[in-house]
Amino acid sequence: MNHKQYKNKLVVKAVESTVFLGVLLFAILSTLPIYERIYQNNRYRLETKKVVAKYAYADDSKIGIYKIASIANTSTVLGLTVENNDSKSIPVINYHGIVDSVNDIEDVSWKNFVEQMNALKDAGYKTVTLKEFKDFVDGKTSLPNKSILITFDDGRKDSYYPVDKVLKSLGFNAVMYIINERVDNSSFHLNSKEISEMLKTGRWEIGSHSDQAHKSINIDSVGNQGHWLSNKMWLSSENRLETDDEYTKRIYDDFKVSKNKLSDKFSEDVSSYAIPYGDFGQDGSNFKGSKNLILQASKDIYKTIMYQPWGEIGFRNYPNKDTFMIRRYTVHSTDDATSLISILDSSNDKDLPYRIGFGNKFNLIGVWGGYEVNNESITLSSKDNTSGSLVYINGSESWDNTKMDVVISKVEDVDSISLIARADRKGNYSYCNFSKDGVGYYEKILGETIKKNFWKRNVYLDPGTKLSIITNMNEVKCLTNDFVLVSDKQQFIKQEAGMAGISIWSKLGDGHGKLEVKSIYAEKVY
Amino acid sequence: MWEKVKHFFKDRNINMWVLFMLSIYSVWIFKFATIKEIDNSTFFAIYSISVSIYILSRFLLAHFYIPEKPHFDKSYEPTISFAVPSKNEEENIRETILRIAETDYPKHKFNIIAINDGSTDNTLYEMNEAKKIASRKGVEVVVVDWKVNKGKREGMAECVRLSKNEIIIFIDSDSFVEKNTARELIKYFTDEKVSAVAGHAFVANQNTNVLTKMQAVRYYVAFKAYKASEALFGSVTCCSGCCSAYRKSHLDQIIDKWSKQEFLGVKCTYGDDRSLTNYLLKIGYKAMYSPTAVAHTFVPDTYKKFMKQQLRWKKSWVRESLIAGTFMWKKNPIMSISFYLGVILPLMAPIVVARALIWFPITTHKAPFYYLIGLALMAIVYGLYYRIYIKDNKWIYGVLFASFYTLVLIWQLPWAILNLRDAKWGTR
């Protein structure tokens, strides 16, 4: 063999190998998605079977038995009266990815998810569709107690494949909020074919999670980043921020594009929108009008928008009140099945008369300071960085004309005790403040006490003393041991219903003040 | 027409190639589709993909190896010494020597040096018998008798010292060569840079039992793919002792150092072949592989013997890889990347296998289903590679061997590292 023949042979081999590798690569790339789906489908089918078999809820007759058991259960608690089975409000929970091992707090492990779903079923929860949900918050229909809307944000593969089989076996359904821009453009997200198949199961509905808006953009000349929706964009080529018109157009276009494209692609009426990051400008932006703009634009185009209430209390939605802005609870990797059920159950609207169930931590919502719930008592105490403590009673959001009693059992360095009524989610409320010097009726809005009426009275904050607050229409009364000390009008706080709560304050400052109460009791007044 | 197509396919073995490629395709599809399952950690995912790339790239590189070189010269006929150091080899030594004597080469241009290294059986008698028969045919046989055992390495060195010929071909005392083996080996020495050429060893006792069948496939793939892919860069890392040719002038430069090699303060008594190749590669000489220079060698036929041999090989592999690691980076980039990958991947393998087969099932209560399927697919690729070239059904034992290697033999490696200094299991 001479050099030329040798070289030719090498060239032939190189051509052969290139062709072979090319064909191989092409074959792999073109068929991989098919196999990925087969794998993902089967993988979760096998595993779901194993886990769900334990609960055996796929069998409808068992669900029937469960229902009877659950009614029997509630009737023993409430005595002989038949429970009104209609729900006053509905919770919405939100997930992102369901993953094998958790790296992001917003993802939930698959095992945890299955346990949570089974626990929901176990506790008697039933999922509703978007339409049922919308009719309920519009006040058109009622829903049974323990109705729930389950949502998933982002339209990720791992919030469909691991989830669907679980939903199927439990008879649940859910809503997937899809980022239109990512469909068919990201292997991490569901593609059109998968979404169509998902819709065909009948277990899923879709909503929009924006087109482009699920990302951050430059918002000033030095490269600070902000959320796409809630900020004006920095146009570096022109060295300026967007004009109002450009910003408005961008927001409207994005809302429209995602709605129209998703509606067209999947022949669905996409009328619900989940705000990316839950940020509609409520927490500041480089443009003051962004919140109004986003709310207006979303209202013009969608029927409901979903958000995660940052710095607000509660995640239940009430008829004729939460008809457009829908509050959700985002389930984190740190929630397990037990805590999720507790969070949901304890947030359930408390019927009056109501005596707080001791031992259940979730019946109180700590706003600041510390609290502890024992079998016999509740203790409010300062933390190292607070000179007092404030708690709300979970599920008291629908209390309107109410008398609330608190009986003191131990008190330590407490200079004043406040009973709170008609608190809204943002922390605006009316309250009676009891101190050794007298009684005050105050109203707090946006963290500032704006109404201050004070009467010098003899008040004893000793063990055994019963403190009460009565709210009736716009009249407020502050009582000790059922004796009306003062009576005043509710002035700035306009709402007629709201949460109740207790707070303490110590003049000694941080770390001081502790109050133990034997019972909290609330009843309706007429 | 149909007949023609059929012949076209049959001649080029296209069916097997398609099957082989399909199996490679399924390996990748499986790997990528289940990459999360293999492991969520990036380290293990990278490992899993690297191993597949490493093994498959051997096949690809081997494909580029053309054994026939432009510099071959038919008239090149150097003088040759066959070196056969042996101990307690009465059963095979006569046959080994006589087969060599049959070599198709001018009788005056080669001789055979047989060393009886303190045998306690009739090896010396058999050698002398063979010498008588061979000399009748005009072949010179030099028999050196050592009363005390000095070890194989010393025996090999002695052969080099005694020989006055240009090329030395080491033949294991239990290996049989063919008539043209020597001619095929010496071709490569027309390139001045070539110091060593490995022949292709087939397993002589390949039909004895499952173990020898497995080794038959293992040997075939090790030579045909692994050695060839190294030979592409003139850097065969181990010219195996059973049949390899060396240039005497190059050996002379290192033979004394080599025969006294110490590692971690202990005299090296195993892995002589790998070590000898290493010394020459370090200087910068080339080591080649000739698929047409065939020898038949006997392999262990009991698991006990086999495991002992494998442990010995692993120990010398660790030692010589560490040494080769100091100069391999100077070679062709593909060669050096291959080499370091070939060292690092097996070293990590026990951790990965332990994680997949022990830690993973214990912590997740799931069978290591995906790992085993991935492994099986890779083993099938390995087996089919053999089937492409050798048309018998032993390829199935190749699948078995690849699995056996990953699940069982891999555990010898940590043990071998811990016992590196223990010279107890010297060669023979």
# chains A, B, ... in the order shown; residues from 1 in each chain; ligands from 1

$ interface_residues --of "chain A" --to "chain B" --cutoff "10 Å" --atoms "only C-alpha atoms" --output "MDAnalysis selection string"
chainID A and resid 1:7 9:14 16:17 20:21 23:25 27:29 31:40 43 47 100:101

$ residues_around --residues "Lys394 (chain B)" --least-positions-apart "5" --cutoff "12 Å" --atoms "only C-alpha atoms" --output "tab-separated table (two decimals) with all heavy atoms, in the first residue's frame"
chain	number	residue	atom	x	y	z
B	206	GLN	N	-11.08	-21.44	24.50
B	206	GLN	CA	-12.30	-20.63	24.59
B	206	GLN	C	-13.58	-21.42	24.71
B	206	GLN	O	-14.60	-20.89	25.12
B	206	GLN	CB	-12.40	-19.65	23.42
B	206	GLN	CG	-12.31	-20.27	22.07
B	206	GLN	CD	-12.52	-19.18	21.02
B	206	GLN	OE1	-13.63	-18.86	20.70
B	206	GLN	NE2	-11.43	-18.63	20.52
B	207	ASN	N	-13.55	-22.72	24.39
B	207	ASN	CA	-14.81	-23.46	24.48
B	207	ASN	C	-14.91	-24.32	25.73
B	207	ASN	O	-15.77	-25.18	25.84
B	207	ASN	CB	-14.99	-24.32	23.24
B	207	ASN	CG	-15.34	-23.45	22.04
B	207	ASN	OD1	-16.09	-22.47	22.18
B	207	ASN	ND2	-14.74	-23.74	20.90
B	209	ASN	N	-15.49	-23.50	29.13
B	209	ASN	CA	-16.67	-23.24	29.96
B	209	ASN	C	-17.11	-21.78	29.80
B	209	ASN	O	-16.55	-21.04	29.00
B	209	ASN	CB	-16.38	-23.56	31.44
B	209	ASN	CG	-15.16	-22.82	31.97
B	209	ASN	OD1	-14.86	-21.72	31.51
B	209	ASN	ND2	-14.47	-23.43	32.92
B	210	VAL	N	-18.12	-21.39	30.57
B	210	VAL	CA	-18.67	-20.04	30.46
B	210	VAL	C	-17.57	-19.01	30.68
B	210	VAL	O	-17.49	-18.00	29.97
B	210	VAL	CB	-19.81	-19.84	31.48
B	210	VAL	CG1	-20.29	-18.39	31.49
B	210	VAL	CG2	-20.97	-20.77	31.19
B	211	LEU	N	-16.73	-19.26	31.66
B	211	LEU	CA	-15.69	-18.30	32.00
B	211	LEU	C	-14.74	-18.06	30.83
B	211	LEU	O	-14.40	-16.93	30.49
B	211	LEU	CB	-14.92	-18.79	33.23
B	211	LEU	CG	-13.84	-17.85	33.75
B	211	LEU	CD1	-14.45	-16.53	34.18
B	211	LEU	CD2	-13.10	-18.50	34.92
B	212	THR	N	-14.29	-19.14	30.19
B	212	THR	CA	-13.35	-18.96	29.09
B	212	THR	C	-14.05	-18.37	27.86
B	212	THR	O	-13.45	-17.64	27.08
B	212	THR	CB	-12.65	-20.29	28.70
B	212	THR	OG1	-13.64	-21.21	28.25
B	212	THR	CG2	-11.90	-20.88	29.87
B	213	LYS	N	-15.35	-18.67	27.73
B	213	LYS	CA	-16.10	-18.06	26.63
B	213	LYS	C	-16.20	-16.55	26.82
B	213	LYS	O	-16.04	-15.77	25.88
B	213	LYS	CB	-17.51	-18.66	26.55
B	213	LYS	CG	-17.52	-20.04	25.89
B	213	LYS	CD	-18.89	-20.65	25.93
B	213	LYS	CE	-18.83	-22.07	25.39
B	213	LYS	NZ	-20.06	-22.81	25.61
B	214	MET	N	-16.45	-16.17	28.07
B	214	MET	CA	-16.52	-14.74	28.35
B	214	MET	C	-15.18	-14.07	28.06
B	214	MET	O	-15.11	-13.00	27.48
B	214	MET	CB	-16.88	-14.50	29.83
B	214	MET	CG	-18.31	-14.86	30.17
B	214	MET	SD	-18.90	-14.06	31.68
B	214	MET	CE	-17.88	-14.78	32.92
B	215	GLN	N	-14.11	-14.75	28.45
B	215	GLN	CA	-12.79	-14.15	28.24
B	215	GLN	C	-12.45	-14.08	26.76
B	215	GLN	O	-11.72	-13.17	26.33
B	215	GLN	CB	-11.72	-14.94	29.00
B	215	GLN	CG	-11.85	-14.77	30.50
B	215	GLN	CD	-10.80	-15.56	31.24
B	215	GLN	OE1	-9.67	-15.12	31.38
B	215	GLN	NE2	-11.16	-16.74	31.71
B	216	ALA	N	-12.96	-15.03	25.98
B	216	ALA	CA	-12.71	-15.01	24.54
B	216	ALA	C	-13.21	-13.70	23.95
B	216	ALA	O	-12.52	-13.03	23.18
B	216	ALA	CB	-13.37	-16.20	23.87
B	217	VAL	N	-14.43	-13.30	24.34
B	217	VAL	CA	-14.99	-12.06	23.82
B	217	VAL	C	-14.21	-10.88	24.38
B	217	VAL	O	-13.89	-9.92	23.67
B	217	VAL	CB	-16.48	-11.93	24.18
B	217	VAL	CG1	-17.06	-10.67	23.59
B	217	VAL	CG2	-17.25	-13.15	23.71
B	218	ARG	N	-13.90	-10.95	25.65
B	218	ARG	CA	-13.18	-9.86	26.30
B	218	ARG	C	-11.85	-9.62	25.59
B	218	ARG	O	-11.49	-8.48	25.29
B	218	ARG	CB	-12.95	-10.26	27.76
B	218	ARG	CG	-12.54	-9.10	28.64
B	218	ARG	CD	-11.05	-9.08	28.89
B	218	ARG	NE	-10.73	-7.93	29.73
B	218	ARG	CZ	-10.38	-8.02	31.00
B	218	ARG	NH1	-10.29	-9.19	31.57
B	218	ARG	NH2	-10.11	-6.94	31.68
B	220	TYR	N	-11.02	-10.47	22.59
B	220	TYR	CA	-11.20	-10.00	21.23
B	220	TYR	C	-11.45	-8.49	21.20
B	220	TYR	O	-10.81	-7.74	20.46
B	220	TYR	CB	-12.36	-10.74	20.53
B	220	TYR	CG	-12.42	-10.37	19.08
B	220	TYR	CD1	-11.57	-10.97	18.17
B	220	TYR	CD2	-13.25	-9.35	18.63
B	220	TYR	CE1	-11.55	-10.59	16.84
B	220	TYR	CE2	-13.26	-8.96	17.31
B	220	TYR	CZ	-12.39	-9.59	16.41
B	220	TYR	OH	-12.37	-9.20	15.11
B	382	TYR	N	-21.40	-4.00	23.53
B	382	TYR	CA	-20.10	-4.64	23.69
B	382	TYR	C	-20.11	-6.03	23.02
B	382	TYR	O	-19.21	-6.37	22.25
B	382	TYR	CB	-19.82	-4.75	25.19
B	382	TYR	CG	-18.46	-5.27	25.57
B	382	TYR	CD1	-17.40	-4.39	25.76
B	382	TYR	CD2	-18.25	-6.63	25.80
B	382	TYR	CE1	-16.16	-4.85	26.14
B	382	TYR	CE2	-17.01	-7.09	26.19
B	382	TYR	CZ	-15.96	-6.21	26.35
B	382	TYR	OH	-14.73	-6.66	26.74
B	383	GLY	N	-21.17	-6.78	23.31
B	383	GLY	CA	-21.28	-8.12	22.74
B	383	GLY	C	-21.42	-8.09	21.23
B	383	GLY	O	-20.80	-8.87	20.50
B	384	LEU	N	-22.23	-7.13	20.74
B	384	LEU	CA	-22.48	-7.07	19.30
B	384	LEU	C	-21.22	-6.68	18.53
B	384	LEU	O	-21.04	-7.07	17.38
B	384	LEU	CB	-23.62	-6.09	18.99
B	384	LEU	CG	-25.02	-6.60	19.28
B	384	LEU	CD1	-26.05	-5.52	19.03
B	384	LEU	CD2	-25.35	-7.83	18.43
B	385	TYR	N	-20.36	-5.91	19.15
B	385	TYR	CA	-19.12	-5.53	18.49
B	385	TYR	C	-18.33	-6.78	18.13
B	385	TYR	O	-17.76	-6.90	17.04
B	385	TYR	CB	-18.31	-4.62	19.40
B	385	TYR	CG	-17.07	-4.06	18.72
B	385	TYR	CD1	-17.18	-3.02	17.79
B	385	TYR	CD2	-15.81	-4.56	18.99
B	385	TYR	CE1	-16.08	-2.51	17.15
B	385	TYR	CE2	-14.69	-4.05	18.36
B	385	TYR	CZ	-14.82	-3.03	17.44
B	385	TYR	OH	-13.73	-2.52	16.81
B	386	TYR	N	-18.33	-7.74	19.04
B	386	TYR	CA	-17.67	-9.02	18.78
B	386	TYR	C	-18.37	-9.75	17.65
B	386	TYR	O	-17.75	-10.27	16.72
B	386	TYR	CB	-17.69	-9.84	20.06
B	386	TYR	CG	-17.21	-11.27	19.93
B	386	TYR	CD1	-15.86	-11.58	20.06
B	386	TYR	CD2	-18.11	-12.31	19.70
B	386	TYR	CE1	-15.42	-12.89	19.96
B	386	TYR	CE2	-17.68	-13.63	19.60
B	386	TYR	CZ	-16.33	-13.91	19.72
B	386	TYR	OH	-15.89	-15.20	19.61
B	387	ARG	N	-19.71	-9.73	17.70
B	387	ARG	CA	-20.51	-10.48	16.74
B	387	ARG	C	-20.32	-9.97	15.30
B	387	ARG	O	-20.43	-10.74	14.35
B	387	ARG	CB	-21.98	-10.41	17.17
B	387	ARG	CG	-22.96	-11.15	16.27
B	387	ARG	CD	-22.69	-12.65	16.24
B	387	ARG	NE	-23.56	-13.33	15.29
B	387	ARG	CZ	-23.40	-13.32	13.98
B	387	ARG	NH1	-22.38	-12.67	13.45
B	387	ARG	NH2	-24.24	-13.97	13.20
B	388	ILE	N	-20.02	-8.69	15.15
B	388	ILE	CA	-19.81	-8.14	13.82
B	388	ILE	C	-18.66	-8.85	13.13
B	388	ILE	O	-18.72	-9.19	11.95
B	388	ILE	CB	-19.49	-6.63	13.89
B	388	ILE	CG1	-20.74	-5.86	14.26
B	388	ILE	CG2	-18.94	-6.13	12.55
B	388	ILE	CD1	-20.47	-4.39	14.51
B	389	TYR	N	-17.59	-9.10	13.88
B	389	TYR	CA	-16.37	-9.65	13.27
B	389	TYR	C	-16.29	-11.17	13.38
B	389	TYR	O	-15.73	-11.82	12.52
B	389	TYR	CB	-15.15	-9.02	13.91
B	389	TYR	CG	-15.09	-7.52	13.69
B	389	TYR	CD1	-15.48	-6.63	14.68
B	389	TYR	CD2	-14.67	-7.01	12.46
B	389	TYR	CE1	-15.44	-5.27	14.47
B	389	TYR	CE2	-14.63	-5.65	12.23
B	389	TYR	CZ	-15.02	-4.78	13.24
B	389	TYR	OH	-14.99	-3.44	13.01
B	399	VAL	N	-21.88	-10.04	26.43
B	399	VAL	CA	-22.87	-9.28	27.18
B	399	VAL	C	-22.75	-9.65	28.66
B	399	VAL	O	-22.73	-8.79	29.55
B	399	VAL	CB	-24.30	-9.59	26.66
B	399	VAL	CG1	-25.33	-8.83	27.48
B	399	VAL	CG2	-24.41	-9.25	25.19
B	400	LEU	N	-22.63	-10.94	28.88
B	400	LEU	CA	-22.50	-11.45	30.24
B	400	LEU	C	-21.25	-10.89	30.90
B	400	LEU	O	-21.25	-10.45	32.05
B	400	LEU	CB	-22.43	-12.98	30.17
B	400	LEU	CG	-22.79	-13.75	31.43
B	400	LEU	CD1	-24.23	-13.46	31.80
B	400	LEU	CD2	-22.59	-15.25	31.19
B	401	PHE	N	-20.14	-10.90	30.12
B	401	PHE	CA	-18.88	-10.45	30.70
B	401	PHE	C	-18.93	-8.97	31.08
B	401	PHE	O	-18.48	-8.58	32.16
B	401	PHE	CB	-17.71	-10.69	29.73
B	401	PHE	CG	-16.42	-10.16	30.28
B	401	PHE	CD1	-15.71	-10.91	31.22
B	401	PHE	CD2	-15.94	-8.91	29.93
B	401	PHE	CE1	-14.55	-10.41	31.78
B	401	PHE	CE2	-14.78	-8.41	30.49
B	401	PHE	CZ	-14.08	-9.17	31.41

$ residues_around --residues "Ile313 (chain A)" --least-positions-apart "6" --cutoff "10 Å" --atoms "only C-alpha atoms" --output "PyMOL selection string"
chain A and resi 327+365-367+392+394+397+423-427+499

$ write_last_selection --atoms "N, CA, C and O atoms" --output "short mmCIF file (atom, residue, chain, number, x, y, z; two decimals), in the first residue's frame"
data_model
loop_
_atom_site.label_atom_id
_atom_site.label_comp_id
_atom_site.auth_asym_id
_atom_site.auth_seq_id
_atom_site.Cartn_x
_atom_site.Cartn_y
_atom_site.Cartn_z
N ARG A 327 -56.75 35.22 45.49
CA ARG A 327 -55.61 34.98 46.36
C ARG A 327 -55.28 33.49 46.41
O ARG A 327 -56.18 32.65 46.47
N ILE A 365 -53.10 33.30 63.76
CA ILE A 365 -52.11 33.74 62.78
C ILE A 365 -51.23 34.77 63.47
O ILE A 365 -51.72 35.84 63.88
N GLY A 366 -49.99 34.44 63.65
CA GLY A 366 -49.09 35.38 64.30
C GLY A 366 -48.71 36.48 63.33
O GLY A 366 -48.29 36.20 62.21
N VAL A 367 -48.89 37.74 63.72
CA VAL A 367 -48.50 38.83 62.83
C VAL A 367 -47.15 39.37 63.26
O VAL A 367 -46.25 39.54 62.46
N TYR A 392 -54.02 37.11 64.99
CA TYR A 392 -55.40 37.09 64.51
C TYR A 392 -55.96 35.70 64.73
O TYR A 392 -55.22 34.72 64.81
N ASN A 394 -57.58 32.76 63.04
CA ASN A 394 -57.68 32.26 61.68
C ASN A 394 -59.14 31.91 61.38
O ASN A 394 -59.82 31.31 62.20
N GLU A 397 -62.46 35.86 59.25
CA GLU A 397 -62.58 36.94 58.28
C GLU A 397 -64.03 37.33 58.02
O GLU A 397 -64.34 38.46 57.68
N ALA A 423 -60.51 43.38 61.28
CA ALA A 423 -59.21 43.54 60.64
C ALA A 423 -59.32 43.05 59.19
O ALA A 423 -59.98 42.05 58.92
N ASP A 424 -58.72 43.79 58.29
CA ASP A 424 -58.68 43.28 56.92
C ASP A 424 -57.33 42.61 56.67
O ASP A 424 -56.50 42.51 57.55
N ARG A 425 -57.17 42.16 55.45
CA ARG A 425 -55.99 41.34 55.14
C ARG A 425 -54.70 42.14 55.21
O ARG A 425 -53.63 41.59 55.33
N LYS A 426 -54.83 43.44 55.04
CA LYS A 426 -53.61 44.24 54.97
C LYS A 426 -53.24 44.81 56.33
O LYS A 426 -52.25 45.54 56.43
N GLY A 427 -54.03 44.48 57.36
CA GLY A 427 -53.68 44.92 58.70
C GLY A 427 -54.30 46.25 59.08
O GLY A 427 -53.76 46.96 59.93
N MET A 499 -61.43 40.11 60.43
CA MET A 499 -60.81 39.21 61.39
C MET A 499 -60.77 39.82 62.78
O MET A 499 -60.73 41.03 62.95
#

$ atom_distance --atom1 "CA of Lys152 (chain B)" --atom2 "CA of Leu413 (chain B)"
23.9 Å

$ residues_around --residues "Asn433 (chain A)" --least-positions-apart "5" --cutoff "8 Å" --atoms "only C-alpha atoms" --output "JSON, numbers by chain"
{"A": [416, 417, 418, 419, 439, 440, 441, 442]}

$ write_last_selection --atoms "N, CA and C atoms" --output "compact mmCIF listing (two decimals), in the first residue's frame"
# COMPACT_ATOMS: atom_id res chain seq x y z
N SER A 416 -50.55 47.12 78.18
CA SER A 416 -51.86 47.24 77.58
C SER A 416 -52.20 46.00 76.77
N ILE A 417 -53.51 45.74 76.71
CA ILE A 417 -54.01 44.61 75.94
C ILE A 417 -55.04 45.16 74.97
N SER A 418 -54.94 44.78 73.69
CA SER A 418 -55.91 45.26 72.72
C SER A 418 -56.70 44.10 72.16
N LEU A 419 -58.02 44.33 72.03
CA LEU A 419 -58.86 43.36 71.33
C LEU A 419 -59.17 43.96 69.96
N VAL A 439 -59.26 53.20 78.94
CA VAL A 439 -59.62 52.44 77.75
C VAL A 439 -59.59 53.36 76.54
N GLY A 440 -59.02 52.86 75.44
CA GLY A 440 -59.02 53.65 74.23
C GLY A 440 -59.72 52.90 73.11
N TYR A 441 -60.41 53.64 72.24
CA TYR A 441 -60.88 53.02 71.02
C TYR A 441 -60.09 53.64 69.87
N TYR A 442 -59.39 52.82 69.13
CA TYR A 442 -58.51 53.30 68.09
C TYR A 442 -58.83 52.64 66.75
